[in-house]
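J.: PDB, C-alpha atoms, pLDDT in the B column, saved as target_25.pdb, coming up:
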```
ATOM      1  CA  MET R   4     171.141 115.362 104.992  1.00 42.00           C
ATOM      2  CA  GLU R   5     173.929 113.829 103.030  1.00 48.00           C
ATOM      3  CA  LYS R   6     175.180 115.499  99.865  1.00 53.00           C
ATOM      4  CA  MET R   7     175.947 113.053  97.111  1.00 54.00           C
ATOM      5  CA  ASP R   8     178.413 113.545  94.300  1.00 68.00           C
ATOM      6  CA  ILE R   9     175.986 114.639  91.616  1.00 74.00           C
ATOM      7  CA  LYS R  10     178.520 116.459  89.471  1.00 77.00           C
ATOM      8  CA  GLN R  11     179.063 113.271  87.475  1.00 77.00           C
ATOM      9  CA  TYR R  12     175.362 113.298  86.591  1.00 81.00           C
ATOM     10  CA  GLN R  13     175.102 117.017  85.920  1.00 82.00           C
ATOM     11  CA  ASP R  14     177.835 116.811  83.297  1.00 80.00           C
ATOM     12  CA  GLN R  15     175.740 114.227  81.439  1.00 84.00           C
ATOM     13  CA  ILE R  16     172.641 116.435  81.296  1.00 87.00           C
ATOM     14  CA  THR R  17     172.786 117.930  77.835  1.00 86.00           C
ATOM     15  CA  LEU R  18     169.855 119.663  76.171  1.00 91.00           C
ATOM     16  CA  GLY R  19     169.070 121.039  72.730  1.00 88.00           C
ATOM     17  CA  THR R  20     170.927 119.876  69.653  1.00 87.00           C
ATOM     18  CA  ASN R  21     173.556 118.096  71.783  1.00 83.00           C
ATOM     19  CA  LEU R  22     171.001 115.851  73.501  1.00 83.00           C
ATOM     20  CA  ASN R  23     172.339 112.915  75.522  1.00 79.00           C
ATOM     21  CA  SER R  24     170.767 109.747  74.075  1.00 85.00           C
ATOM     22  CA  ASN R  25     170.213 108.327  77.594  1.00 86.00           C
ATOM     23  CA  LEU R  26     168.816 111.535  79.107  1.00 89.00           C
ATOM     24  CA  PHE R  27     165.190 110.419  79.368  1.00 92.00           C
ATOM     25  CA  SER R  28     165.971 106.830  80.329  1.00 88.00           C
ATOM     26  CA  ASP R  29     169.087 105.658  82.146  1.00 88.00           C
ATOM     27  CA  LEU R  30     170.241 109.065  83.370  1.00 89.00           C
ATOM     28  CA  ALA R  31     166.816 110.126  84.670  1.00 90.00           C
ATOM     29  CA  GLU R  32     166.428 106.795  86.455  1.00 90.00           C
ATOM     30  CA  LYS R  33     169.901 106.882  88.042  1.00 88.00           C
ATOM     31  CA  LEU R  34     169.462 110.449  89.224  1.00 88.00           C
ATOM     32  CA  ILE R  35     166.081 109.975  90.845  1.00 88.00           C
ATOM     33  CA  LYS R  36     167.269 106.759  92.517  1.00 84.00           C
ATOM     34  CA  GLU R  37     170.240 108.615  94.008  1.00 81.00           C
ATOM     35  CA  ILE R  38     168.110 111.541  95.111  1.00 81.00           C
ATOM     36  CA  SER R  39     165.432 109.258  96.590  1.00 77.00           C
ATOM     37  CA  ARG R  40     167.972 107.103  98.398  1.00 70.00           C
ATOM     38  CA  ASN R  41     169.508 110.128 100.108  1.00 64.00           C
ATOM     39  CA  SER R  42     166.366 112.116 100.942  1.00 67.00           C
ATOM     40  CA  ARG R  43     164.778 111.963 104.364  1.00 68.00           C
ATOM     41  CA  GLY R  44     161.502 112.874 105.998  1.00 67.00           C
ATOM     42  CA  GLU R  45     159.533 115.630 104.395  1.00 68.00           C
ATOM     43  CA  THR R  46     161.979 116.446 101.590  1.00 76.00           C
ATOM     44  CA  ASN R  47     161.594 115.625  97.913  1.00 82.00           C
ATOM     45  CA  LYS R  48     158.009 114.449  98.106  1.00 84.00           C
ATOM     46  CA  THR R  49     156.381 113.893  94.743  1.00 83.00           C
ATOM     47  CA  THR R  50     153.868 116.698  95.335  1.00 86.00           C
ATOM     48  CA  GLN R  51     156.686 119.188  95.923  1.00 87.00           C
ATOM     49  CA  LEU R  52     158.614 118.071  92.854  1.00 91.00           C
ATOM     50  CA  ARG R  53     155.414 118.269  90.785  1.00 93.00           C
ATOM     51  CA  LYS R  54     155.127 121.985  91.591  1.00 95.00           C
ATOM     52  CA  PHE R  55     158.404 122.633  89.788  1.00 96.00           C
ATOM     53  CA  TYR R  56     157.497 120.286  86.954  1.00 96.00           C
ATOM     54  CA  ASP R  57     154.091 121.929  86.498  1.00 96.00           C
ATOM     55  CA  GLU R  58     155.704 125.342  86.222  1.00 97.00           C
ATOM     56  CA  LEU R  59     158.182 124.055  83.653  1.00 97.00           C
ATOM     57  CA  VAL R  60     155.311 122.525  81.657  1.00 97.00           C
ATOM     58  CA  MET R  61     153.412 125.817  81.787  1.00 97.00           C
ATOM     59  CA  TRP R  62     156.383 127.733  80.351  1.00 98.00           C
ATOM     60  CA  ALA R  63     157.068 125.080  77.717  1.00 97.00           C
ATOM     61  CA  ASP R  64     153.425 125.253  76.612  1.00 97.00           C
ATOM     62  CA  LYS R  65     153.469 129.072  76.493  1.00 97.00           C
ATOM     63  CA  VAL R  66     156.719 129.235  74.550  1.00 96.00           C
ATOM     64  CA  GLY R  67     156.202 126.351  72.151  1.00 95.00           C
ATOM     65  CA  GLU R  68     158.827 126.666  69.420  1.00 95.00           C
ATOM     66  CA  ASP R  69     158.713 130.473  69.224  1.00 95.00           C
ATOM     67  CA  LYS R  70     162.100 132.093  69.906  1.00 96.00           C
ATOM     68  CA  ASP R  71     160.574 135.522  70.608  1.00 97.00           C
ATOM     69  CA  SER R  72     158.201 134.025  73.173  1.00 97.00           C
ATOM     70  CA  PHE R  73     161.154 132.266  74.751  1.00 97.00           C
ATOM     71  CA  LYS R  74     163.135 135.506  75.078  1.00 97.00           C
ATOM     72  CA  LYS R  75     160.188 137.124  76.859  1.00 97.00           C
ATOM     73  CA  ALA R  76     159.688 134.122  79.141  1.00 97.00           C
ATOM     74  CA  GLU R  77     163.359 133.398  79.853  1.00 97.00           C
ATOM     75  CA  PRO R  78     163.676 135.582  82.995  1.00 97.00           C
ATOM     76  CA  PHE R  79     160.610 133.874  84.483  1.00 97.00           C
ATOM     77  CA  ILE R  80     161.896 130.434  83.580  1.00 97.00           C
ATOM     78  CA  GLN R  81     165.200 131.272  85.273  1.00 97.00           C
ATOM     79  CA  MET R  82     163.238 132.441  88.326  1.00 98.00           C
ATOM     80  CA  ILE R  83     162.419 128.780  88.979  1.00 97.00           C
ATOM     81  CA  ARG R  84     165.976 128.617  90.357  1.00 97.00           C
ATOM     82  CA  ALA R  85     165.083 131.184  93.039  1.00 97.00           C
ATOM     83  CA  LYS R  86     161.898 129.291  93.879  1.00 97.00           C
ATOM     84  CA  ALA R  87     163.943 126.110  94.251  1.00 96.00           C
ATOM     85  CA  ALA R  88     166.391 127.901  96.558  1.00 97.00           C
ATOM     86  CA  TYR R  89     163.452 129.028  98.694  1.00 96.00           C
ATOM     87  CA  ALA R  90     162.065 125.460  98.820  1.00 94.00           C
ATOM     88  CA  LYS R  91     165.508 124.175  99.825  1.00 94.00           C
ATOM     89  CA  GLY R  92     165.700 126.789 102.572  1.00 94.00           C
ATOM     90  CA  ARG R  93     162.312 125.639 103.858  1.00 93.00           C
ATOM     91  CA  LYS R  94     163.540 122.016 103.678  1.00 91.00           C
ATOM     92  CA  TYR R  95     160.856 120.999 101.156  1.00 91.00           C
ATOM     93  CA  ILE R  96     163.592 119.769  98.825  1.00 91.00           C
ATOM     94  CA  ASP R  97     167.112 118.717  99.693  1.00 89.00           C
ATOM     95  CA  TYR R  98     170.435 119.971  98.380  1.00 90.00           C
ATOM     96  CA  ASN R  99     170.757 117.154  95.861  1.00 88.00           C
ATOM     97  CA  PHE R 100     167.451 117.800  94.128  1.00 91.00           C
ATOM     98  CA  TYR R 101     168.007 121.551  94.317  1.00 93.00           C
ATOM     99  CA  SER R 102     171.406 121.209  92.657  1.00 92.00           C
ATOM    100  CA  ILE R 103     170.031 119.096  89.798  1.00 92.00           C
ATOM    101  CA  LEU R 104     167.074 121.423  89.223  1.00 95.00           C
ATOM    102  CA  ASP R 105     169.246 124.535  89.377  1.00 96.00           C
ATOM    103  CA  ASP R 106     171.669 123.060  86.848  1.00 94.00           C
ATOM    104  CA  LEU R 107     168.827 121.924  84.584  1.00 95.00           C
ATOM    105  CA  ILE R 108     167.231 125.394  84.521  1.00 97.00           C
ATOM    106  CA  ARG R 109     170.609 127.053  83.867  1.00 96.00           C
ATOM    107  CA  LYS R 110     170.969 124.878  80.755  1.00 95.00           C
ATOM    108  CA  ILE R 111     167.720 126.134  79.216  1.00 96.00           C
ATOM    109  CA  LYS R 112     168.821 128.468  76.431  1.00 96.00           C
ATOM    110  CA  ASP R 113     166.110 128.210  73.761  1.00 96.00           C
ATOM    111  CA  PRO R 114     162.711 126.620  73.066  1.00 97.00           C
ATOM    112  CA  LEU R 115     164.249 123.232  72.214  1.00 96.00           C
ATOM    113  CA  SER R 116     166.299 122.998  75.415  1.00 96.00           C
ATOM    114  CA  LEU R 117     163.195 124.059  77.386  1.00 97.00           C
ATOM    115  CA  GLN R 118     161.249 121.177  75.848  1.00 97.00           C
ATOM    116  CA  HIS R 119     164.067 118.752  76.630  1.00 96.00           C
ATOM    117  CA  ALA R 120     164.298 119.980  80.239  1.00 96.00           C
ATOM    118  CA  LYS R 121     160.556 119.403  80.634  1.00 97.00           C
ATOM    119  CA  LEU R 122     160.823 115.873  79.223  1.00 95.00           C
ATOM    120  CA  PHE R 123     163.814 115.056  81.444  1.00 95.00           C
ATOM    121  CA  PHE R 124     161.931 116.228  84.519  1.00 95.00           C
ATOM    122  CA  GLU R 125     158.903 114.199  83.401  1.00 95.00           C
ATOM    123  CA  ALA R 126     161.088 111.098  83.089  1.00 94.00           C
ATOM    124  CA  MET R 127     162.524 111.624  86.578  1.00 93.00           C
ATOM    125  CA  LEU R 128     159.022 111.925  88.030  1.00 92.00           C
ATOM    126  CA  GLY R 129     157.957 108.756  86.250  1.00 93.00           C
ATOM    127  CA  TYR R 130     160.861 106.822  87.723  1.00 91.00           C
ATOM    128  CA  LYS R 131     160.192 108.364  91.152  1.00 89.00           C
ATOM    129  CA  LYS R 132     156.600 107.160  91.034  1.00 86.00           C
ATOM    130  CA  ALA R 133     157.797 103.669  90.080  1.00 86.00           C
ATOM    131  CA  LEU R 134     160.119 103.639  93.111  1.00 79.00           C
ATOM    132  CA  GLU R 135     157.233 104.482  95.443  1.00 78.00           C
ATOM    133  CA  LYS R 136     155.272 101.339  94.539  1.00 68.00           C
TER     134      LYS R 136
END
```
Transcribe the structure of this file into structure tokens.
T.:
Amino acid sequence: MEKMDIKQYQDQITLGTNLNSNLFSDLAEKLIKEISRNSRGETNKTTQLRKFYDELVMWADKVGEDKDSFKKAEPFIQMIRAKAAYAKGRKYIDYNFYSILDDLIRKIKDPLSLQHAKLFFEAMLGYKKALEK
């Protein structure tokens, strides 16, 4: 499986008060196109990606805008990175998707950035579904 140069994209993923104006549109579309183009076989299927998205949605719903709730949930949100590493090891997701997801979760620092991460992931899934048609 070929590793693409995703660093250029990761640097553009900004969350919270410093939100990239193209995060949910152009950037999400470019990223999922690159990931989809380079994935093979059983990796990066929509159902697998949805598992990570669903967990992110669950935490975003639990936390809402409450900073105290976020502090309590933060270790579990960061645990998504370990789950992604496991999925990569099992070849359910490839390195490229893993790297983007890992970076995205690392950038979650408060309730607002959690909400933005969820929306970014939602946008990527929407573009992925459009590519499958």
J.: Give me the residues of stretch 6-110 of chain R that have any atom at most 6 Å from an atom of stretch 120-135 of chain R; for each, the nearest atom pair and the distance in Å, rounded to one decimal. Use only C-alpha atoms, sort by chain and number, and format it as CSV.
T.:
```
residue,atom,partner,partner_atom,distance
R:Phe27,CA,R:Phe123,CA,5.3
R:Ala31,CA,R:Met127,CA,4.9
R:Glu32,CA,R:Tyr130,CA,5.7
R:Ile35,CA,R:Met127,CA,5.8
```
J.: For atom CA of R:Asp105 and atom CA of R:Arg84, quote the distance in Å rounded to one decimal.
T.: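 About the pair atom CA of R:Asp105 and atom CA of R:Arg84: they are 5.3 Å apart.
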J.: Enter the distance from atom CA of R:Leu18 to atom CA of R:Gly92, in Å, rounded to one decimal.
T.: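 Interatomic distance here is 27.7 Å.
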J.: Suppose a student applies the PyMOL selection byres ((chain R and resi 61) around 12) to this structure; what residues should they get, written as a VMD selection string?
T.: chain R and resid 53 to 60 62 to 67 76 79 to 80 83 117 to 118 121
J.: May I have the selected residues written with C-alpha atoms, as an mmCIF file, in the coordinates of the input?
T.:
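What follows is the written file result-v8.cif:
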```cif
data_model
loop_
_atom_site.group_PDB
_atom_site.id
_atom_site.type_symbol
_atom_site.label_atom_id
_atom_site.label_comp_id
_atom_site.auth_asym_id
_atom_site.auth_seq_id
_atom_site.Cartn_x
_atom_site.Cartn_y
_atom_site.Cartn_z
ATOM 1 C CA ARG R 53 155.414 118.269 90.785
ATOM 2 C CA LYS R 54 155.127 121.985 91.591
ATOM 3 C CA PHE R 55 158.404 122.633 89.788
ATOM 4 C CA TYR R 56 157.497 120.286 86.954
ATOM 5 C CA ASP R 57 154.091 121.929 86.498
ATOM 6 C CA GLU R 58 155.704 125.342 86.222
ATOM 7 C CA LEU R 59 158.182 124.055 83.653
ATOM 8 C CA VAL R 60 155.311 122.525 81.657
ATOM 9 C CA TRP R 62 156.383 127.733 80.351
ATOM 10 C CA ALA R 63 157.068 125.080 77.717
ATOM 11 C CA ASP R 64 153.425 125.253 76.612
ATOM 12 C CA LYS R 65 153.469 129.072 76.493
ATOM 13 C CA VAL R 66 156.719 129.235 74.550
ATOM 14 C CA GLY R 67 156.202 126.351 72.151
ATOM 15 C CA ALA R 76 159.688 134.122 79.141
ATOM 16 C CA PHE R 79 160.610 133.874 84.483
ATOM 17 C CA ILE R 80 161.896 130.434 83.580
ATOM 18 C CA ILE R 83 162.419 128.780 88.979
ATOM 19 C CA LEU R 117 163.195 124.059 77.386
ATOM 20 C CA GLN R 118 161.249 121.177 75.848
ATOM 21 C CA LYS R 121 160.556 119.403 80.634
#
```
J.: Determine the nearest neighbour of R:Ile108 from the options R:Thr17, R:Lys75, R:Thr50, R:Asp29, counting only C-alpha atoms.
T.: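 Of R:Thr17, R:Lys75, R:Thr50, R:Asp29, the one nearest R:Ile108 is R:Thr17, counting only C-alpha atoms.
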J.: What does the distance between atom CA of R:Lys36 and atom CA of R:Lys112 come to in Å, to one decimal place?
T.: 27.1 Å
J.: Show which residues sit within 10 Å of R:Lys91, as a PyMOL selection string. Count all atoms listed in the file, and ignore same-chain residues fewer than 3 positions away.
T.: chain R and resi 46-47+85-88+94-102
J.: Using all atoms listed in the file, can you tell me which of R:Pro114, R:Ile103, R:Ser24, R:Tyr89 comes closest to R:Gln11?
T.: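 Of R:Pro114, R:Ile103, R:Ser24, R:Tyr89, the one nearest R:Gln11, counting all atoms listed in the file, is R:Ile103.
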J.: Between R:Glu77, R:Glu68, R:Glu37, R:Asp14, which one has atoms that come closest to R:His119, using all atoms listed in the file?
T.: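 Smallest separation from R:His119 among the options: R:Glu68.
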J.: Give the centre and edge lengths of an axis-aligned box, in Å to one decimal, that holds all listed atoms of stretch 101-119 of chain R with 8 Å on each side, as lines of an AutoDock Vina configuration file.
T.:
```
center_x = 166.5
center_y = 123.6
center_z = 83.3
size_x = 26.4
size_y = 25.7
size_z = 38.1
```
J.: Please determine, counting only C-alpha atoms, which residue among R:Asn21, R:Ser116, R:Gln15, R:Gln51 has the shortest atom-to-atom distance to R:Ala90.
T.: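 Smallest distance to R:Ala90 is found for R:Gln51.
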J.: Please determine, counting all atoms listed in the file, which residue among R:Met82, R:Leu107, R:Ile38, R:Leu115 has the shortest atom-to-atom distance to R:Gln13.
T.: R:Leu107
